[in-house]
Amino acid sequence: MPTQADDTRAARAGFVSCWSCKGPVAAQALFCHTCGAIQPPTQLDHFRRLGLEPAFDVDLDVAEKRYLGFQRAIHPDRFASKPAKERAFAEAQAVALNQAYETLKDPLRRAAYLLKLNGIEASVSRDETVRDPELLMEAMEAREALMEATSLEKVEKLQAKAGADAIAILADLSKAFASDDLKAANRLATRLKYLRKYLDETRARRIALEQAEGTA
Amino acid sequence: MSYSEKLIEHYENPRNVGALDKSDTSVGTGLVGAPACGDVMKLQIKVGADGRIEDAKFKTFGCGSAIASSSLATEWVKGKTLDEAEQIKNTMIAQHLSLPPVKIHCSVLAEDAIKAAIRDYREKHGEKPAEQAAE
């Protein structure tokens, strides 16, 4: 029955009352489709705010297009002559959209956020100590290897390896979320965090070596 | 943010940097990490025949506060029994180094590293077969 399907969709999307005309508005709508008034941001997760289903694999091109399109629609220039209330709503929407897009476009933040939506505070978002010998040994050994690498060539090799490892982790994260293995996803997010920091260190090391060679 | 003189001193001249032989039965190794900042800390203790910690080494990849906290931790555990070393609390480290609030977790990491090293040593001696086979 079409009405039932519509009801389900409506319930899932969620409707709120327009502050201006009191008519129903979809929770993720920026404007009331009846009176056209700008709406304040509602309690939506970052995925749904950009019209996406919560999942690790998101089409970032789509996310970016929606984000930019929404931002254009609520650009402050369009609200310059509007009442303060509407200007404030547009501003609040802009903040909410920024948060959503910034969270989703970064795979590590997206993973941590997705864990949170699933009721798990990711290790990377917590002030906690981990004792995962395998993961920590990997991080320790990588840094020791970097300290011992004295030539630009060696550092570049380590950097390339770390870059490839980071890409592999993204594929593993995707699999872990797809199979609902949140424990694995949490651990992979931690590995990615360590790997990123290590990548920063390889970059810094490379720059230092390049400068040393340049002045030598 | 300003750092205390003690902290800077430990950071610039860290004590006991290095490694002990982790397969040595008199050595306990603690390896801990803080995922939020991507720090990793290894702290090792060598226990003498009298049951006191005669040597300690550390290797930390992290911020200055993490390095200073682990440096201080190795200084403090030396000469102590395992039970005494276990009493070292992160608050004592944080207070001694006057760590700013956002760096308190570095002292927590150091305390956890001491505990992990002691646990490793005890496991080596208490649950001998499994642990030694693993080495």
# chains A, B, ... in the order shown; residues from 1 in each chain; ligands from 1
>>> residues_around(residues="region 86-98 of chain B", least_positions_apart="4", cutoff="9 Å", atoms="only C-alpha atoms", output="ChimeraX atom specification")
/B:3-8,10,65,68-69,72-73,76-77,81-82,103-112,114-115,118
>>> interface_residues(of="chain B", to="chain A", cutoff="7 Å", atoms="only C-alpha atoms", output="ChimeraX atom specification")
/B:31-36,38,40,105,109
>>> write_last_selection(atoms="C-alpha atoms", output="PDB file, in the first residue's frame")
ATOM      1  CA  LEU B  31      53.799  -0.890  26.276  1.00  0.00           C
ATOM      2  CA  VAL B  32      50.896   1.541  26.332  1.00  0.00           C
ATOM      3  CA  GLY B  33      49.368   4.068  24.002  1.00  0.00           C
ATOM      4  CA  ALA B  34      46.973   6.999  23.991  1.00  0.00           C
ATOM      5  CA  PRO B  35      44.825   6.667  20.861  1.00  0.00           C
ATOM      6  CA  ALA B  36      43.439  10.177  21.195  1.00  0.00           C
ATOM      7  CA  GLY B  38      48.638   8.767  18.839  1.00  0.00           C
ATOM      8  CA  VAL B  40      53.130   5.353  22.285  1.00  0.00           C
ATOM      9  CA  HIS B 105      46.460  12.231  30.185  1.00  0.00           C
ATOM     10  CA  LEU B 109      49.869   7.111  30.350  1.00  0.00           C
TER      11      LEU B 109
END
>>> residues_around(residues="Asp57 (chain A)", least_positions_apart="6", cutoff="12 Å", atoms="only C-alpha atoms", output="ChimeraX atom specification")
/A:47,63,104-107,110-111,114,170-178
>>> atom_distance(atom1="CA of Gly163 (chain A)", atom2="CA of Leu50 (chain A)")
29.1 Å
>>> atom_distance(atom1="CA of Glu123 (chain B)", atom2="CA of Gln44 (chain B)")
14.1 Å
